[in-house]
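> So I've got this file, structure-v4.txt, and it contains compact mmCIF, C-alpha atoms and all ligand atoms:
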```txt
# COMPACT_ATOMS: atom_id res chain seq x y z
CA ASN C 197 118.31 126.62 99.25
CA ALA C 198 118.74 123.33 97.39
CA PRO C 199 118.17 123.58 93.60
CA ALA C 200 114.89 122.31 92.13
CA ARG C 201 114.98 118.71 90.95
CA ASP C 202 112.48 116.65 88.99
CA ARG C 203 113.78 113.25 90.06
CA LEU C 204 113.50 111.80 93.54
CA ARG C 205 116.52 110.39 95.38
CA ILE C 206 116.21 107.72 98.05
CA ALA C 207 119.18 106.70 100.20
CA ILE C 208 119.35 103.13 101.45
CA GLN C 209 122.06 101.06 103.10
CA LYS C 210 124.56 99.61 100.60
CA ASN C 211 125.46 96.56 102.70
CA GLY C 212 124.12 95.38 105.99
CA ARG C 213 120.95 94.34 107.73
CA LEU C 214 118.64 96.89 106.12
CA ALA C 215 120.02 96.75 102.56
CA GLU C 216 118.03 93.84 101.17
CA PRO C 217 114.69 94.48 102.93
CA ALA C 218 114.83 98.18 101.95
CA ARG C 219 115.37 97.35 98.30
CA SER C 220 112.63 94.69 98.32
CA LEU C 221 110.20 97.14 99.88
CA LEU C 222 110.87 99.76 97.21
CA THR C 223 110.57 97.11 94.50
CA ALA C 224 107.20 96.13 95.96
CA CYS C 225 106.23 99.82 95.58
CA GLY C 226 106.77 99.45 91.84
CA LEU C 227 110.25 100.94 91.54
CA SER C 228 112.96 99.46 89.37
CA TRP C 229 116.44 100.62 88.48
CA ARG C 230 119.02 100.35 85.81
CA GLN C 231 122.03 98.87 87.62
CA SER C 232 125.02 101.18 87.45
CA ARG C 233 128.42 99.56 87.40
CA ASP C 234 129.76 101.00 90.66
CA LYS C 235 126.35 100.42 92.25
CA LEU C 236 126.49 103.55 94.42
CA PHE C 237 123.85 105.20 92.28
CA CYS C 238 120.98 103.33 90.65
CA TYR C 239 119.04 105.19 87.99
CA GLY C 240 115.27 104.75 88.28
CA GLU C 241 113.58 103.15 85.26
CA SER C 242 109.88 102.67 86.05
CA LEU C 243 109.67 106.08 87.73
CA PRO C 244 112.02 109.06 88.12
CA VAL C 245 113.18 107.75 91.49
CA ASP C 246 116.91 107.07 91.88
CA LEU C 247 118.67 105.12 94.62
CA LEU C 248 121.81 106.09 96.49
CA LEU C 249 123.57 103.18 98.22
CA VAL C 250 125.46 104.40 101.28
CA ARG C 251 126.53 103.67 104.88
CA ASP C 252 123.50 103.91 107.14
CA ASP C 253 125.31 106.54 109.23
CA ASP C 254 125.30 108.90 106.23
CA ILE C 255 121.55 108.76 105.57
CA PRO C 256 120.30 111.38 108.07
CA GLY C 257 122.94 113.87 106.89
CA LEU C 258 122.09 113.30 103.21
CA ILE C 259 118.47 114.22 103.98
CA ALA C 260 119.50 117.18 106.15
CA ASP C 261 121.66 118.52 103.32
CA GLY C 262 118.92 118.03 100.72
CA VAL C 263 121.05 115.59 98.73
CA CYS C 264 118.39 112.89 99.18
CA ASP C 265 114.64 113.24 99.63
CA PHE C 266 113.94 110.03 101.48
CA GLY C 267 116.05 107.49 103.33
CA ILE C 268 115.48 104.08 104.86
CA VAL C 269 117.36 103.88 108.14
CA GLY C 270 117.03 102.55 111.67
CA ARG C 271 115.12 104.77 114.07
CA ASN C 272 118.14 104.35 116.36
CA GLU C 273 120.46 106.05 113.85
CA LEU C 274 117.98 108.79 112.98
CA ASP C 275 117.23 109.56 116.64
CA GLU C 276 120.91 109.56 117.60
CA GLN C 277 121.87 112.06 114.92
CA GLY C 278 118.75 114.12 115.66
CA ALA C 279 119.60 114.20 119.38
CA ALA C 280 123.22 115.11 118.57
CA ARG C 281 122.02 118.02 116.40
CA ARG C 282 119.71 119.28 119.13
CA ARG C 283 122.52 119.12 121.69
CA ILE C 284 124.55 121.60 119.63
CA GLY C 285 121.57 123.81 118.88
CA LEU C 286 120.90 122.80 115.27
CA PRO C 287 117.27 122.74 114.10
CA ASP C 288 115.51 119.46 113.26
CA ALA C 289 116.30 118.58 109.63
CA TYR C 290 114.54 115.26 109.10
CA GLN C 291 111.77 113.17 110.54
CA ALA C 292 110.60 109.55 110.61
CA LEU C 293 107.58 109.42 108.30
CA ARG C 294 106.65 105.73 108.46
CA GLY C 295 107.63 102.65 110.46
CA LEU C 296 108.50 99.87 108.01
CA ASN C 297 108.04 96.69 110.03
CA PHE C 298 111.56 95.31 109.66
CA GLY C 299 114.93 95.80 111.37
CA GLN C 300 113.35 95.59 114.80
CA CYS C 301 115.71 95.87 117.75
CA ARG C 302 115.99 97.62 121.11
CA LEU C 303 118.56 100.06 122.39
CA MET C 304 119.23 98.72 125.87
CA LEU C 305 121.40 99.14 128.91
CA ALA C 306 123.17 95.90 129.75
CA VAL C 307 125.18 95.14 132.88
CA PRO C 308 127.56 92.31 133.85
CA ASP C 309 125.64 89.12 134.75
CA GLU C 310 126.78 89.26 138.38
CA TRP C 311 125.23 92.70 139.02
CA GLU C 312 122.02 92.75 140.97
CA TRP C 313 119.99 95.39 139.13
CA THR C 314 118.01 97.64 141.45
CA GLY C 315 117.39 100.68 139.20
CA VAL C 316 118.89 103.67 137.43
CA GLU C 317 120.21 105.26 140.64
CA GLN C 318 122.81 102.47 140.51
CA LEU C 319 124.36 104.17 137.48
CA ALA C 320 125.71 107.20 139.36
CA GLY C 321 129.44 107.53 138.73
CA LYS C 322 129.52 104.55 136.36
CA ARG C 323 131.10 104.49 132.87
CA ILE C 324 128.73 103.40 130.08
CA ALA C 325 130.13 102.39 126.68
CA THR C 326 127.91 103.11 123.67
CA SER C 327 127.71 104.06 119.99
CA TYR C 328 124.63 106.15 120.88
CA PRO C 329 126.10 108.90 123.10
CA ALA C 330 123.44 111.55 122.44
CA ILE C 331 120.41 109.30 123.09
CA LEU C 332 122.11 107.93 126.19
CA ALA C 333 123.08 111.39 127.52
CA ASP C 334 119.49 112.63 127.04
CA TRP C 335 118.10 109.53 128.74
CA LEU C 336 120.44 109.91 131.72
CA ALA C 337 119.75 113.64 132.00
CA ALA C 338 115.97 113.04 131.96
CA ARG C 339 116.44 110.76 134.98
CA GLY C 340 118.89 113.02 136.77
CA VAL C 341 121.63 110.39 136.68
CA ASP C 342 125.24 111.51 136.61
CA ALA C 343 127.15 108.79 134.73
CA GLN C 344 130.04 108.94 132.26
CA VAL C 345 129.31 108.21 128.60
CA VAL C 346 132.19 106.44 126.83
CA GLU C 347 131.71 106.66 123.06
CA LEU C 348 132.86 103.61 121.06
CA SER C 349 132.15 103.08 117.37
CA GLY C 350 132.12 99.29 117.60
CA SER C 351 132.70 96.18 119.77
CA VAL C 352 130.84 97.93 122.57
CA GLU C 353 129.97 94.64 124.27
CA ILE C 354 133.57 93.78 125.15
CA ALA C 355 134.19 97.12 126.94
CA PRO C 356 133.25 95.85 130.42
CA ARG C 357 135.64 92.89 130.11
CA LEU C 358 138.40 95.20 128.85
CA GLY C 359 137.79 97.51 131.78
CA THR C 360 137.07 100.56 129.61
CA ALA C 361 133.49 100.77 130.91
CA ASP C 362 131.33 99.31 133.70
CA LEU C 363 128.30 98.61 131.54
CA ILE C 364 127.03 99.21 127.99
CA CYS C 365 124.17 100.71 126.03
CA ASP C 366 123.76 98.87 122.71
CA LEU C 367 121.31 97.42 120.22
CA VAL C 368 119.85 94.04 121.09
CA SER C 369 117.74 91.74 118.96
CA SER C 370 118.03 88.07 120.02
CA GLY C 371 120.16 88.82 123.08
CA ALA C 372 122.76 86.21 122.05
CA THR C 373 125.58 88.76 121.81
CA LEU C 374 124.94 90.02 125.33
CA ALA C 375 124.80 86.49 126.71
CA ALA C 376 128.04 85.56 124.95
CA ASN C 377 129.70 88.49 126.70
CA GLN C 378 128.28 87.73 130.16
CA LEU C 379 125.99 90.75 130.07
CA LYS C 380 122.25 91.03 130.76
CA PRO C 381 119.78 93.64 129.51
CA VAL C 382 118.16 95.79 132.23
CA GLU C 383 116.58 98.91 130.68
CA THR C 384 115.15 99.80 127.25
CA LEU C 385 115.97 103.29 125.95
CA LEU C 386 114.40 102.90 122.51
CA GLU C 387 112.27 100.44 120.54
CA SER C 388 113.67 100.65 117.02
CA GLU C 389 112.79 99.49 113.53
CA ALA C 390 113.63 100.63 110.02
CA VAL C 391 111.80 103.84 109.13
CA LEU C 392 111.23 105.93 106.05
CA ALA C 393 112.89 109.24 106.87
CA GLY C 394 112.18 112.46 105.04
CA PRO C 395 112.76 116.19 105.30
CA VAL C 396 110.88 118.41 107.75
CA LYS C 397 109.70 120.50 104.82
CA THR C 398 108.54 118.95 101.52
CA PRO C 399 110.28 120.49 98.47
CA ASP C 400 107.98 122.65 96.33
CA ASP C 401 108.92 121.24 92.92
CA ALA C 402 108.10 118.08 90.91
CA ARG C 403 109.35 115.93 93.78
CA ALA C 404 106.35 116.74 96.00
CA GLY C 405 103.96 114.69 93.85
CA LEU C 406 106.41 111.79 93.61
CA MET C 407 106.89 111.81 97.38
CA ALA C 408 103.14 111.74 98.02
CA MET C 409 102.68 108.91 95.53
CA LEU C 410 105.47 106.86 97.05
CA LEU C 411 104.04 107.31 100.56
CA ARG C 412 100.64 106.10 99.31
CA ARG C 413 102.17 103.01 97.71
CA LEU C 414 104.26 102.34 100.81
CA ASP C 415 101.18 102.48 103.03
CA GLY C 416 99.51 99.87 100.84
CA VAL C 417 102.54 97.58 100.78
CA VAL C 418 103.49 97.84 104.48
CA LYS C 419 99.86 97.24 105.53
CA VAL C 420 99.65 94.10 103.39
CA GLN C 421 102.85 92.79 105.05
CA ASP C 422 101.32 92.97 108.59
O1 LIG D 1 128.06 99.65 107.01
P1 LIG D 1 126.97 100.41 107.68
O2 LIG D 1 127.46 101.54 108.54
O3 LIG D 1 125.91 100.82 106.70
O4 LIG D 1 126.23 99.33 108.64
P2 LIG D 1 126.23 99.13 110.22
O5 LIG D 1 127.22 98.08 110.54
O6 LIG D 1 126.32 100.43 110.93
O7 LIG D 1 124.74 98.62 110.46
P3 LIG D 1 124.09 97.17 110.46
O8 LIG D 1 123.90 96.70 109.07
O9 LIG D 1 124.75 96.26 111.44
O10 LIG D 1 122.67 97.57 111.11
C1 LIG D 1 121.82 98.44 110.45
C2 LIG D 1 120.60 98.65 111.32
O11 LIG D 1 119.95 97.39 111.57
C3 LIG D 1 120.83 99.20 112.71
O12 LIG D 1 121.06 100.60 112.72
C4 LIG D 1 119.54 98.83 113.40
O13 LIG D 1 118.52 99.78 113.10
C5 LIG D 1 119.15 97.50 112.75
N1 LIG D 1 119.39 96.33 113.61
C6 LIG D 1 118.45 95.39 113.93
C7 LIG D 1 120.53 95.98 114.24
C8 LIG D 1 120.26 94.81 114.96
N2 LIG D 1 118.98 94.48 114.74
C9 LIG D 1 121.34 94.19 115.72
N3 LIG D 1 121.11 93.17 116.38
N4 LIG D 1 121.76 96.54 114.24
C10 LIG D 1 122.75 95.94 114.94
N5 LIG D 1 122.59 94.81 115.67
C11 LIG D 1 123.82 94.28 116.38
C12 LIG D 1 124.00 94.85 117.78
O14 LIG D 1 124.70 96.08 117.71
C13 LIG D 1 124.83 93.77 118.47
O15 LIG D 1 126.20 93.88 118.15
O16 LIG D 1 123.75 92.89 116.55
C14 LIG D 1 124.28 92.52 117.82
C15 LIG D 1 123.20 92.01 118.73
O17 LIG D 1 122.39 91.07 118.12
P4 LIG D 1 121.76 89.88 118.97
O18 LIG D 1 120.82 89.18 118.06
O19 LIG D 1 122.90 89.02 119.42
O20 LIG D 1 121.04 90.50 120.16
ZN ZN D 2 126.61 102.25 110.25
```
Could you rewrite the structure in this file as structure tokens?
Ligand code: PRT
Ligand code: ZN


Amino acid sequence: NAPARDRLRIAIQKNGRLAEPARSLLTACGLSWRQSRDKLFCYGESLPVDLLLVRDDDIPGLIADGVCDFGIVGRNELDEQGAARRRIGLPDAYQALRGLNFGQCRLMLAVPDEWEWTGVEQLAGKRIATSYPAILADWLAARGVDAQVVELSGSVEIAPRLGTADLICDLVSSGATLAANQLKPVETLLESEAVLAGPVKTPDDARAGLMAMLLRRLDGVVKVQD
């Protein structure tokens, strides 16, 4: 069991697409921080709520381990790590508590432009490159499709041209990256946006009240943004 704490810790992305909007959202909730020099940890000033600035990939694990109480992360990342946990029999350790109305994108299957897409049965025996192997494997299994998942940590969209995969499963927002790589989107696996993630079970110390208060403020702020 994690030790009792009387300050809240929120993990957000240090650099990247969600970093600035996440910080602005928390600022709009009335939080402010004393800037630390290394900027990995920001000490909360207006409230006992500290920030941890990390890679987005680390956020689900930090919540699972009880190191952080909340995190702002893409639903895609949270779902992928949740699906990966379930595949190896681990219990759920975090959940998406609120959609935050930014960071919208879709996790999609995309095939070479010259393919004529007729449906998922076309995927049998094909190699699909992705950074989301667990979501993709679940999606394929749910449709009874036997395809090979090729896990790549980056540059997924060049895999078909390199010959390491036949098609890809990747995040899409404008679609420009797909088009530039002569690929076209054909199926949506997940509609994603940034979410506030939290533990499955609320801690029973001083943090519970802070968490409830922050959720209330967030609901006010996110509603006003609509
Ligand atoms: O360093 P760190 O690990 O923290 O960052 P990262 O590089 O893993 O993540 P980052 O900052 O690129 O993205 C963070 C989150 O932003 C993602 O997990 C998504 O939830 C969200 N998001 C929203 C996106 C996009 N839109 C997006 N378009 N993440 C990535 N992309 C990429 C996509 O992978 C593809 O390469 O952008 C390209 C496609 O964009 P379009 O506009 O050409 O379609
Ligand atoms: Zn990342």

> Just how far from atom CA of Val396 of chain C is atom CA of Val250 of chain C, in Å to one decimal?

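So the two atoms, atom CA of Val250 of chain C and atom CA of Val396 of chain C, lie 21.2 Å apart.
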
> Could you tell me, counting only C-alpha atoms and all ligand atoms, which protein and nucleic acid residues lie no more than 7 Å from ligand LIG 1 (chain D), written as number ranges by chain?

C: 209-214, 250-253, 269-273, 299-301, 366-374, 388-390

> Please, what distance in Å, to one decimal, runs between atom CA of Trp313 of chain C and atom CA of Ser327 of chain C?

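Separating atom CA of Trp313 of chain C from atom CA of Ser327 of chain C is a distance of 22.4 Å.
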
> Report, in Å with one decimal, the straight-line distance from atom CA of Ala343 of chain C to atom CA of Asp275 of chain C.

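Separating atom CA of Ala343 of chain C from atom CA of Asp275 of chain C is a distance of 20.6 Å.
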
> Using only C-alpha atoms, determine which residues lie at most 6 Å from Leu392 of chain C, disregarding the query and same-chain residues fewer than 4 positions distant; provide the list as a VMD selection string.

chain C and resid 267 to 268 292 to 294

> Write the selection just made, keeping C-alpha atoms, as a tab-separated table (two decimals), in the coordinates of the input?


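File produced: result18.tsv:
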```
chain	number	residue	atom	x	y	z
C	267	GLY	CA	116.05	107.49	103.33
C	268	ILE	CA	115.48	104.08	104.86
C	292	ALA	CA	110.60	109.55	110.61
C	293	LEU	CA	107.58	109.42	108.30
C	294	ARG	CA	106.65	105.73	108.46
```

> For Leu363 of chain C, which residue out of C:Ala320, C:Val307, C:Cys238, C:Ala402 is the nearest one, using all atoms listed in the file?

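Smallest distance to Leu363 of chain C is found for C:Val307.
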
> Rank nothing, just name the residue among C:Asp261, C:Glu276, C:Asp202, C:Asp415 nearest to ligand ZN 2 (chain D), using all atoms listed in the file.

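Looking at the shortest contact to ligand ZN 2 (chain D), the residue is C:Glu276.
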
> Point out the residue among C:Pro308, C:Gly315, C:Pro199, C:Gly226 with the least atom-to-atom distance to Lys380 of chain C, counting only C-alpha atoms.

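Counting only C-alpha atoms, the residue closest to Lys380 of chain C is C:Pro308.
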
> May I ask which of the residues C:Leu222, C:Leu296, C:Ile284, C:Ser349 is the closest one to ligand ZN 2 (chain D), counting all atoms listed in the file?

C:Ser349

> I'd like the contact shell of Arg281 of chain C - 12 Å cut-off, only C-alpha atoms, skipping same-chain residues fewer than 5 positions apart - returned as a VMD selection string.

chain C and resid 256 to 257 260 274 to 276 286 to 290 330 to 331

> Could you tell me which of C:Gln344, C:Thr398, C:Ser242, C:Asn377 comes closest to Asp309 of chain C if we count all atoms listed in the file?

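Answer, going by the shortest atom-to-atom distance: C:Asn377.
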
> Given the choices C:Ser220, C:Ala207, C:Asp254, C:Val245, which gets closest to ligand ZN 2 (chain D) if the distance is worked out from all atoms listed in the file?

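With all atoms listed in the file as the atom set, the closest residue is C:Asp254.
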
> Output requested as a tab-separated table (two decimals), keeping the file's coordinate frame - segment 240-251 of chain C, filled out with all heavy atoms.


```
chain	number	residue	atom	x	y	z
C	240	GLY	N	116.63	105.27	88.29
C	240	GLY	CA	115.27	104.75	88.28
C	240	GLY	C	114.73	104.58	86.87
C	240	GLY	O	114.86	105.48	86.04
C	241	GLU	N	114.11	103.42	86.61
C	241	GLU	CA	113.58	103.15	85.26
C	241	GLU	C	112.07	103.30	85.18
C	241	GLU	O	111.55	104.00	84.32
C	241	GLU	CB	113.95	101.72	84.85
C	241	GLU	CG	115.32	101.66	84.19
C	241	GLU	CD	115.62	100.27	83.66
C	241	GLU	OE1	115.10	99.28	84.21
C	241	GLU	OE2	116.38	100.18	82.69
C	242	SER	N	111.34	102.65	86.11
C	242	SER	CA	109.88	102.67	86.05
C	242	SER	C	109.33	104.05	86.42
C	242	SER	O	108.27	104.45	85.95
C	242	SER	CB	109.30	101.60	86.98
C	242	SER	OG	109.81	101.77	88.28
C	243	LEU	N	110.06	104.75	87.27
C	243	LEU	CA	109.67	106.08	87.73
C	243	LEU	C	110.94	106.92	87.90
C	243	LEU	O	112.02	106.35	88.05
C	243	LEU	CB	108.97	105.99	89.10
C	243	LEU	CG	107.52	105.50	89.12
C	243	LEU	CD1	107.10	105.16	90.54
C	243	LEU	CD2	106.59	106.56	88.52
C	244	PRO	N	110.82	108.24	87.91
C	244	PRO	CA	112.02	109.06	88.12
C	244	PRO	C	112.45	109.08	89.58
C	244	PRO	O	112.45	110.12	90.24
C	244	PRO	CB	111.59	110.46	87.63
C	244	PRO	CG	110.11	110.47	87.78
C	244	PRO	CD	109.63	109.05	87.60
C	245	VAL	N	112.77	107.89	90.09
C	245	VAL	CA	113.18	107.75	91.49
C	245	VAL	C	114.50	106.98	91.52
C	245	VAL	O	114.54	105.79	91.22
C	245	VAL	CB	112.11	107.01	92.32
C	245	VAL	CG1	112.56	106.87	93.76
C	245	VAL	CG2	110.77	107.75	92.25
C	246	ASP	N	115.58	107.68	91.88
C	246	ASP	CA	116.91	107.07	91.88
C	246	ASP	C	117.29	106.62	93.29
C	246	ASP	O	116.78	107.12	94.28
C	246	ASP	CB	117.94	108.09	91.38
C	246	ASP	CG	117.56	108.65	90.01
C	246	ASP	OD1	117.01	107.88	89.20
C	246	ASP	OD2	117.81	109.85	89.77
C	247	LEU	N	118.21	105.65	93.34
C	247	LEU	CA	118.67	105.12	94.62
C	247	LEU	C	120.12	105.52	94.86
C	247	LEU	O	120.94	105.48	93.94
C	247	LEU	CB	118.65	103.59	94.60
C	247	LEU	CG	117.39	102.82	94.95
C	247	LEU	CD1	117.77	101.36	95.15
C	247	LEU	CD2	116.75	103.38	96.19
C	248	LEU	N	120.43	105.86	96.08
C	248	LEU	CA	121.81	106.09	96.49
C	248	LEU	C	122.15	105.03	97.53
C	248	LEU	O	121.43	104.89	98.52
C	248	LEU	CB	121.92	107.48	97.12
C	248	LEU	CG	123.09	108.34	96.70
C	248	LEU	CD1	122.99	108.64	95.21
C	248	LEU	CD2	123.08	109.64	97.49
C	249	LEU	N	123.21	104.25	97.30
C	249	LEU	CA	123.57	103.18	98.22
C	249	LEU	C	124.74	103.62	99.09
C	249	LEU	O	125.84	103.86	98.58
C	249	LEU	CB	123.94	101.91	97.43
C	249	LEU	CG	122.90	101.44	96.41
C	249	LEU	CD1	123.33	100.11	95.79
C	249	LEU	CD2	121.52	101.31	97.03
C	250	VAL	N	124.49	103.76	100.38
C	250	VAL	CA	125.46	104.40	101.28
C	250	VAL	C	125.57	103.66	102.61
C	250	VAL	O	124.83	102.73	102.88
C	250	VAL	CB	125.04	105.87	101.55
C	250	VAL	CG1	125.02	106.66	100.26
C	250	VAL	CG2	123.66	105.92	102.23
C	251	ARG	N	126.48	104.12	103.49
C	251	ARG	CA	126.53	103.67	104.88
C	251	ARG	C	125.29	104.22	105.58
C	251	ARG	O	124.89	105.35	105.34
C	251	ARG	CB	127.76	104.27	105.61
C	251	ARG	CG	129.10	103.84	105.10
C	251	ARG	CD	129.60	102.55	105.69
C	251	ARG	NE	129.38	102.41	107.13
C	251	ARG	CZ	130.30	102.62	108.07
C	251	ARG	NH1	131.51	103.04	107.74
C	251	ARG	NH2	130.03	102.41	109.35
```
